[in-house]
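A quick write-up on the structure given underneath.
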Amino acid sequence: MEKSINYSHLPQVIQNQNRLDVLLALRGFACLMVVIIHCAPPRNALIYQNYDFSWILFSHGAVAVWIFFCLSGYLMGKAFFTERYSSDVTGVINFWRNRSIRILPLYYFAVLILSIFVYPDVLKFENWGYLLRICTFTFNPYIASQSVAFNDVFWSLSTEVQFYIIIPFIYNLSKSLIFNQKYVIATAILIILIVFFSKTLSWLSFFHQINHQMEYAFKYWYTPIFNNIDIFLCGFLVNALIKYQKPISHNIESRFHHKVFWNKKYLSIILMILLYLFTAHHLYHQELWGLTNRPGGWRTITTIFIFQPLTAVITSFFIFSFESDNYHISSKNEKISFASVLKNPLRVLELFGNLSYGVYIWHMPILEKIYSIFTSNLPLEAFHHRLVATLFLSVILATVTYYLVELPATKWKTSN
C-alpha cells in the first residue's frame, strides 16, 4: 500500500485576492492615534448632561507606539518563520539589507530636510554629537540639552532599528527553545515578567525623577529597547503560536473552527476598541496632572506596568485572530487601486496604513509650524483645525516622499 504524503506544511497558493490587509489598517489606526494626541485635544470640550466626554479624544500615544512595536515583532519574525529569509549569514545579511532599504532612505532624507529647514540648530558644531546619535539610531530627545530640538518621534524609529539588528539572533535562539503552543505562551509570560522586573529596577533607581520629571521617564523607562523588548517579542511569538497550533480536521470540526475563528476576529476588534477607550479615559482623568514641566504628565506606574503588557497581549491576540487561518496561504492580493476599493470599500483603510511611515515622520514638524496659526475662542474648533491641517499636509508630504523616495528605493531590495 502506497504511503500517503502530508502536504499540509506546504504553502497553499490562492490568486486574485482583494482582501483588506488588516494589519496595515491597524498600523494606520495607530499612526492616527499618535497624530490626534500630538494635536493637543482640549479638556472639558465635549460635555453632555454634565458628563465630560472629552476623554474620547485623548488617544494614548504610548499605546499607539507599542502597537507599532508588536506589529514589527510579528512581521519581522514572520520573515524568518516562513523562510522568506534563511537564518544563515547570507539570509541575515539580506534581511538587514532589505530592512535598511525600507527604513533608511526616507529617514535620512527627513533628517536632511528637517536639519536644514526646521531644526537648523542641530547643525551647529557643538551639537554634532547629538546629530550623530540621530543618524546612528541611538536618538533620544532628552539626551541633549533642552535648547536642542529635533523631531521627537524619531526615538521610536531608533528603537525599531535596534530590534531589527537583534531579531535574527532571537529567531535562531527560539528554534531551540520553542516546542508547542504551551511553551510559547509560557515563554511570553516569562519574557513579560523579566522585563517587568527590569522596569521595576529602573523605577526604584530613578523613583523621584521618573515620577516628577517627564524627561527621566522617557530617557530611562519609556524609550530603551530592553524595556520595550517584551512588546516586540510578544508579536514575534505569535508566529510560533500559529506554527505549533494543532491541525484542524474537515467537516464538522472544520465548520466549528471557522465559526470560532470569526468569533475570535470580532472579539479581537472589540478588545482593541476597549483598549483605546480604557487607556484614553485613564490618560485624561489620571495621567494629565501633576508634573511641573508640562500641563500634565504620566502616572507612569499604570502606564508602564499595566498598559504596556496589556497592549502587547491584546495586539498579539488581534494579530493571531486575523493571521492564523491564512498564515501558510501564499495569496497575491490585488494592488490597492480605485477599482480594488470599489470592489472592497474596506481597503480604503489601507491607504493611510501605506502612508503611515511618512505621516509619522512628517506630522510633528508640520504641527510645530502651524500650531500657532489655528487659534479660536472655542478650543475644540482650534483642535479640529489643527488636526485636519496636520493630517492633510502630512498625507500630502508623505505621498510625495512615498513616490519620490520610498518606492524607488524598493527596487534595490533582494530576494533570498
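Residues in the C-alpha cells are numbered from 1 in each chain, the chains being A, B, ... in the order shown, and ligands are numbered from 1 in the order shown.
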
Could you name the residues that touch segment 93-102 of chain A at 12 Å or less, counting only C-alpha atoms, but leaving out those on the same chain fewer than 6 positions away, as a PyMOL selection string? chain A and resi 72+75-80+83-87+108+137+157+160-168+357-358+402+405-416

Grab the residues selected above and save them as a short mmCIF file (atom, residue, chain, number, x, y, z; two decimals), in the first residue's frame with N, CA, C and O atoms.
data_model
loop_
_atom_site.label_atom_id
_atom_site.label_comp_id
_atom_site.auth_asym_id
_atom_site.auth_seq_id
_atom_site.Cartn_x
_atom_site.Cartn_y
_atom_site.Cartn_z
N SER A 72 5.69 45.10 14.43
CA SER A 72 7.04 44.88 13.91
C SER A 72 7.59 43.55 14.37
O SER A 72 8.22 42.82 13.59
N LEU A 75 5.86 40.84 12.22
CA LEU A 75 6.22 40.84 10.80
C LEU A 75 7.69 40.48 10.58
O LEU A 75 8.02 39.77 9.62
N MET A 76 8.56 40.96 11.46
CA MET A 76 9.98 40.59 11.33
C MET A 76 10.17 39.11 11.65
O MET A 76 10.97 38.43 11.00
N GLY A 77 9.45 38.62 12.64
CA GLY A 77 9.53 37.20 12.94
C GLY A 77 8.98 36.35 11.80
O GLY A 77 9.54 35.31 11.46
N LYS A 78 7.88 36.81 11.20
CA LYS A 78 7.26 36.07 10.10
C LYS A 78 8.22 35.92 8.92
O LYS A 78 8.21 34.91 8.22
N ALA A 79 9.04 36.94 8.70
CA ALA A 79 10.00 36.89 7.60
C ALA A 79 10.94 35.69 7.75
O ALA A 79 11.38 35.10 6.75
N PHE A 80 11.24 35.29 9.00
CA PHE A 80 12.12 34.14 9.22
C PHE A 80 11.32 32.85 9.40
O PHE A 80 11.70 31.79 8.88
N GLU A 83 10.38 31.38 6.29
CA GLU A 83 11.58 31.11 5.49
C GLU A 83 11.70 32.01 4.27
O GLU A 83 12.28 31.62 3.26
N ARG A 84 11.14 33.21 4.38
CA ARG A 84 11.41 34.19 3.33
C ARG A 84 12.88 34.59 3.39
O ARG A 84 13.50 34.93 2.38
N TYR A 85 13.42 34.57 4.61
CA TYR A 85 14.86 34.73 4.80
C TYR A 85 15.37 33.52 5.56
O TYR A 85 14.74 33.07 6.52
N SER A 86 16.50 33.00 5.12
CA SER A 86 17.13 31.91 5.86
C SER A 86 17.85 32.51 7.07
O SER A 86 18.11 33.71 7.13
N SER A 87 18.15 31.66 8.03
CA SER A 87 18.77 32.15 9.27
C SER A 87 20.29 32.02 9.24
O SER A 87 20.94 32.18 10.27
N TYR A 108 16.80 59.27 6.36
CA TYR A 108 17.90 60.21 6.16
C TYR A 108 17.49 61.41 5.31
O TYR A 108 18.01 62.51 5.48
N PHE A 137 20.79 55.96 14.93
CA PHE A 137 19.64 55.31 15.56
C PHE A 137 19.87 55.03 17.04
O PHE A 137 19.49 53.99 17.57
N LEU A 157 11.80 55.16 16.02
CA LEU A 157 12.48 54.57 14.86
C LEU A 157 13.84 54.01 15.27
O LEU A 157 14.28 52.97 14.77
N GLU A 160 13.11 50.74 16.93
CA GLU A 160 12.75 49.75 15.89
C GLU A 160 14.00 49.18 15.24
O GLU A 160 14.15 47.96 15.09
N VAL A 161 14.91 50.05 14.81
CA VAL A 161 16.11 49.60 14.11
C VAL A 161 16.98 48.76 15.03
O VAL A 161 17.58 47.76 14.61
N GLN A 162 17.06 49.12 16.30
CA GLN A 162 17.81 48.30 17.26
C GLN A 162 17.22 46.90 17.34
O GLN A 162 17.96 45.90 17.46
N PHE A 163 15.89 46.79 17.26
CA PHE A 163 15.26 45.48 17.27
C PHE A 163 15.58 44.71 15.98
O PHE A 163 15.81 43.50 16.02
N TYR A 164 15.60 45.39 14.84
CA TYR A 164 15.94 44.73 13.58
C TYR A 164 17.32 44.09 13.65
O TYR A 164 17.55 43.03 13.06
N ILE A 165 18.23 44.73 14.36
CA ILE A 165 19.59 44.21 14.45
C ILE A 165 19.62 42.88 15.20
O ILE A 165 20.35 41.95 14.83
N ILE A 166 18.82 42.76 16.25
CA ILE A 166 18.91 41.57 17.11
C ILE A 166 17.92 40.47 16.74
O ILE A 166 18.05 39.34 17.23
N ILE A 167 16.93 40.76 15.88
CA ILE A 167 15.88 39.78 15.60
C ILE A 167 16.41 38.47 15.00
O ILE A 167 15.92 37.39 15.36
N PRO A 168 17.42 38.47 14.11
CA PRO A 168 17.91 37.18 13.61
C PRO A 168 18.48 36.30 14.71
O PRO A 168 18.31 35.07 14.69
N TYR A 357 4.20 55.55 7.60
CA TYR A 357 5.60 55.83 7.91
C TYR A 357 5.92 57.29 7.63
O TYR A 357 6.50 58.00 8.47
N GLY A 358 5.52 57.78 6.46
CA GLY A 358 5.76 59.17 6.12
C GLY A 358 4.97 60.13 6.99
O GLY A 358 5.49 61.16 7.44
N TYR A 402 6.68 59.19 -0.58
CA TYR A 402 6.45 57.77 -0.86
C TYR A 402 6.83 57.45 -2.31
O TYR A 402 7.51 56.45 -2.59
N VAL A 405 10.81 58.82 -2.85
CA VAL A 405 11.90 58.26 -2.04
C VAL A 405 11.66 56.78 -1.72
O VAL A 405 12.50 55.93 -2.03
N GLU A 406 10.53 56.47 -1.09
CA GLU A 406 10.30 55.10 -0.61
C GLU A 406 10.17 54.10 -1.75
O GLU A 406 10.81 53.05 -1.75
N LEU A 407 9.30 54.40 -2.71
CA LEU A 407 9.02 53.45 -3.78
C LEU A 407 10.24 53.18 -4.66
O LEU A 407 10.55 52.01 -4.94
N PRO A 408 10.97 54.21 -5.11
CA PRO A 408 12.17 53.93 -5.91
C PRO A 408 13.20 53.09 -5.17
O PRO A 408 13.91 52.29 -5.78
N ALA A 409 13.29 53.27 -3.84
CA ALA A 409 14.28 52.52 -3.06
C ALA A 409 13.99 51.02 -3.05
O ALA A 409 14.92 50.21 -2.93
N THR A 410 12.72 50.64 -3.17
CA THR A 410 12.37 49.21 -3.12
C THR A 410 12.97 48.43 -4.28
O THR A 410 13.10 47.21 -4.21
N LYS A 411 13.36 49.10 -5.35
CA LYS A 411 13.97 48.42 -6.50
C LYS A 411 15.33 47.81 -6.14
O LYS A 411 15.82 46.93 -6.86
N TRP A 412 15.91 48.28 -5.04
CA TRP A 412 17.21 47.78 -4.63
C TRP A 412 17.11 46.55 -3.71
O TRP A 412 18.12 45.98 -3.33
N LYS A 413 15.87 46.18 -3.36
CA LYS A 413 15.70 45.03 -2.48
C LYS A 413 16.11 43.74 -3.20
O LYS A 413 15.97 43.62 -4.42
N THR A 414 16.56 42.79 -2.40
CA THR A 414 16.95 41.48 -2.96
C THR A 414 16.01 40.42 -2.42
O THR A 414 15.47 40.54 -1.31
N SER A 415 15.82 39.37 -3.17
CA SER A 415 15.04 38.22 -2.70
C SER A 415 16.01 37.17 -2.20
O SER A 415 17.11 37.00 -2.74
N ASN A 416 15.60 36.47 -1.15
CA ASN A 416 16.50 35.49 -0.55
C ASN A 416 16.58 34.21 -1.38
O ASN A 416 15.60 33.74 -1.91
#

Skipping near chain neighbours, those fewer than 5 positions away, what residues fall within 12 Å of Thr159 of chain A using only C-alpha atoms, listed as a list in words?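 Once the nearby chain positions are removed, what remains is Val65, Trp66, Phe68, Phe69, Ser72, Gly73, Ile134, Thr136, Phe137, Thr138, Phe139, Asn140, Val153, Phe154, Tyr164, Ile165, Ile166, Tyr222, Thr223, Pro224, Ile225, Phe226, Asn227, Asn228, Ile229, Ile231 and Phe232 of chain A.
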
With C-alpha atoms retained, export the selected residues as a PDB file, in the first residue's frame.
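File written: part-v1.pdb
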ATOM      1  CA  VAL A  65       3.726  53.178  19.651  1.00  0.00           C
ATOM      2  CA  TRP A  66       3.504  49.824  21.422  1.00  0.00           C
ATOM      3  CA  PHE A  68       3.709  49.557  16.178  1.00  0.00           C
ATOM      4  CA  PHE A  69       6.327  47.588  18.110  1.00  0.00           C
ATOM      5  CA  SER A  72       7.037  44.885  13.909  1.00  0.00           C
ATOM      6  CA  GLY A  73       7.854  41.949  16.161  1.00  0.00           C
ATOM      7  CA  ILE A 134      20.136  60.806  15.256  1.00  0.00           C
ATOM      8  CA  THR A 136      23.065  56.174  14.104  1.00  0.00           C
ATOM      9  CA  PHE A 137      19.639  55.309  15.562  1.00  0.00           C
ATOM     10  CA  THR A 138      20.617  55.969  19.161  1.00  0.00           C
ATOM     11  CA  PHE A 139      18.440  59.072  19.320  1.00  0.00           C
ATOM     12  CA  ASN A 140      16.676  60.139  22.477  1.00  0.00           C
ATOM     13  CA  VAL A 153       9.051  60.834  17.289  1.00  0.00           C
ATOM     14  CA  PHE A 154      12.390  59.691  15.825  1.00  0.00           C
ATOM     15  CA  TYR A 164      15.935  44.734  13.578  1.00  0.00           C
ATOM     16  CA  ILE A 165      19.590  44.206  14.446  1.00  0.00           C
ATOM     17  CA  ILE A 166      18.908  41.569  17.105  1.00  0.00           C
ATOM     18  CA  TYR A 222       9.873  54.523  28.125  1.00  0.00           C
ATOM     19  CA  THR A 223      12.381  54.526  25.245  1.00  0.00           C
ATOM     20  CA  PRO A 224      15.120  51.916  25.986  1.00  0.00           C
ATOM     21  CA  ILE A 225      14.985  48.831  23.789  1.00  0.00           C
ATOM     22  CA  PHE A 226      15.200  46.422  26.727  1.00  0.00           C
ATOM     23  CA  ASN A 227      12.173  47.965  28.430  1.00  0.00           C
ATOM     24  CA  ASN A 228      10.225  47.514  25.175  1.00  0.00           C
ATOM     25  CA  ILE A 229      11.530  44.104  24.184  1.00  0.00           C
ATOM     26  CA  ILE A 231       6.246  44.162  23.203  1.00  0.00           C
ATOM     27  CA  PHE A 232       8.367  43.124  20.226  1.00  0.00           C
TER      28      PHE A 232
END

Members of segment 47-206 of chain A assigned alpha helix (DSSP H) by DSSP, as an MDAnalysis selection string: chainID A and resid 61:81 89:117 128:135 154:175 181:205

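Straight-line separation from atom CA of Leu57 of chain A to atom CA of Pro41 of chain A: 6.2 Å.
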
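For Trp362 of chain A, the non-local neighbours within 9 Å, defined as residues at least 4 positions apart in the same chain or in other chains and counting only C-alpha atoms, are Ala110, Asn151, Tyr357, Gly358, Ile366, Leu367, Leu393, Ser394, Val395, Leu397 and Ala398 of chain A.
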
Expected file: the selected residues, all heavy atoms, as an mmCIF file, in the first residue's frame:
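Dumped to part-v6.cif:
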data_model
loop_
_atom_site.group_PDB
_atom_site.id
_atom_site.type_symbol
_atom_site.label_atom_id
_atom_site.label_comp_id
_atom_site.auth_asym_id
_atom_site.auth_seq_id
_atom_site.Cartn_x
_atom_site.Cartn_y
_atom_site.Cartn_z
ATOM 1 N N ALA A 110 14.554 62.758 5.530
ATOM 2 C CA ALA A 110 13.860 63.602 6.513
ATOM 3 C C ALA A 110 14.864 64.304 7.425
ATOM 4 O O ALA A 110 14.686 65.484 7.765
ATOM 5 C CB ALA A 110 12.889 62.760 7.337
ATOM 6 N N ASN A 151 12.889 66.347 15.870
ATOM 7 C CA ASN A 151 11.624 65.632 15.773
ATOM 8 C C ASN A 151 11.563 64.516 16.821
ATOM 9 O O ASN A 151 12.225 63.486 16.678
ATOM 10 C CB ASN A 151 11.477 65.057 14.358
ATOM 11 C CG ASN A 151 10.076 64.553 14.077
ATOM 12 O OD1 ASN A 151 9.261 64.400 14.985
ATOM 13 N ND2 ASN A 151 9.791 64.294 12.825
ATOM 14 N N TYR A 357 4.201 55.554 7.599
ATOM 15 C CA TYR A 357 5.600 55.830 7.911
ATOM 16 C C TYR A 357 5.921 57.293 7.631
ATOM 17 O O TYR A 357 6.495 58.004 8.473
ATOM 18 C CB TYR A 357 6.499 54.900 7.096
ATOM 19 C CG TYR A 357 7.987 55.082 7.324
ATOM 20 C CD1 TYR A 357 8.501 55.464 8.559
ATOM 21 C CD2 TYR A 357 8.894 54.865 6.290
ATOM 22 C CE1 TYR A 357 9.862 55.622 8.761
ATOM 23 C CE2 TYR A 357 10.257 55.018 6.474
ATOM 24 C CZ TYR A 357 10.737 55.397 7.715
ATOM 25 O OH TYR A 357 12.096 55.565 7.906
ATOM 26 N N GLY A 358 5.520 57.777 6.458
ATOM 27 C CA GLY A 358 5.755 59.171 6.117
ATOM 28 C C GLY A 358 4.966 60.125 6.991
ATOM 29 O O GLY A 358 5.491 61.156 7.437
ATOM 30 N N ILE A 366 5.459 69.578 10.999
ATOM 31 C CA ILE A 366 4.348 70.325 10.400
ATOM 32 C C ILE A 366 3.488 70.951 11.484
ATOM 33 O O ILE A 366 3.132 72.138 11.432
ATOM 34 C CB ILE A 366 3.503 69.407 9.495
ATOM 35 C CG1 ILE A 366 4.260 69.067 8.215
ATOM 36 C CG2 ILE A 366 2.160 70.054 9.143
ATOM 37 C CD1 ILE A 366 3.569 68.052 7.331
ATOM 38 N N LEU A 367 3.168 70.167 12.501
ATOM 39 C CA LEU A 367 2.330 70.657 13.595
ATOM 40 C C LEU A 367 2.998 71.814 14.329
ATOM 41 O O LEU A 367 2.345 72.793 14.694
ATOM 42 C CB LEU A 367 2.025 69.512 14.555
ATOM 43 C CG LEU A 367 1.160 69.844 15.774
ATOM 44 C CD1 LEU A 367 -0.202 70.367 15.349
ATOM 45 C CD2 LEU A 367 1.001 68.604 16.658
ATOM 46 N N LEU A 393 -1.672 68.056 5.403
ATOM 47 C CA LEU A 393 -0.314 68.363 4.959
ATOM 48 C C LEU A 393 0.620 67.153 5.108
ATOM 49 O O LEU A 393 1.490 66.923 4.259
ATOM 50 C CB LEU A 393 0.227 69.557 5.742
ATOM 51 C CG LEU A 393 -0.505 70.892 5.513
ATOM 52 C CD1 LEU A 393 0.026 71.961 6.454
ATOM 53 C CD2 LEU A 393 -0.360 71.329 4.059
ATOM 54 N N SER A 394 0.435 66.384 6.176
ATOM 55 C CA SER A 394 1.267 65.199 6.388
ATOM 56 C C SER A 394 1.023 64.154 5.308
ATOM 57 O O SER A 394 1.974 63.530 4.802
ATOM 58 C CB SER A 394 0.998 64.596 7.764
ATOM 59 O OG SER A 394 1.305 65.495 8.792
ATOM 60 N N VAL A 395 -0.240 63.951 4.966
ATOM 61 C CA VAL A 395 -0.577 62.969 3.932
ATOM 62 C C VAL A 395 -0.012 63.412 2.579
ATOM 63 O O VAL A 395 0.528 62.598 1.814
ATOM 64 C CB VAL A 395 -2.105 62.761 3.849
ATOM 65 C CG1 VAL A 395 -2.487 62.020 2.576
ATOM 66 C CG2 VAL A 395 -2.597 61.995 5.075
ATOM 67 N N LEU A 397 2.643 65.394 2.019
ATOM 68 C CA LEU A 397 4.091 65.250 2.045
ATOM 69 C C LEU A 397 4.497 63.773 2.074
ATOM 70 O O LEU A 397 5.473 63.374 1.424
ATOM 71 C CB LEU A 397 4.660 65.978 3.265
ATOM 72 C CG LEU A 397 6.178 66.170 3.319
ATOM 73 C CD1 LEU A 397 6.694 66.791 2.032
ATOM 74 C CD2 LEU A 397 6.557 67.027 4.518
ATOM 75 N N ALA A 398 3.750 62.951 2.812
ATOM 76 C CA ALA A 398 4.035 61.515 2.857
ATOM 77 C C ALA A 398 3.827 60.870 1.490
ATOM 78 O O ALA A 398 4.580 59.977 1.094
ATOM 79 C CB ALA A 398 3.150 60.835 3.899
#

Using only C-alpha atoms, which protein or nucleic acid residues come within 12 Å of segment 189-202 of chain A? Drop anything in the same chain fewer than 2 positions from it, and give the result as a ChimeraX atom specification. /A:182-187,204-211,216-237,300-301,303-313

Taking 4 positions as the minimum chain separation for residues in the same chain, which residues sit within 12 Å of Ala382 of chain A when counting only C-alpha atoms? Answer as a list in words.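 Non-adjacent residues within range: Cys39, Ala40, Pro41, Pro42, Ala45, Ile370, Tyr371, Ser372, Ile373, Phe374, Thr375, Ser376, Asn377, Leu378, Arg386, Leu387, Val388 and Ala389 of chain A.
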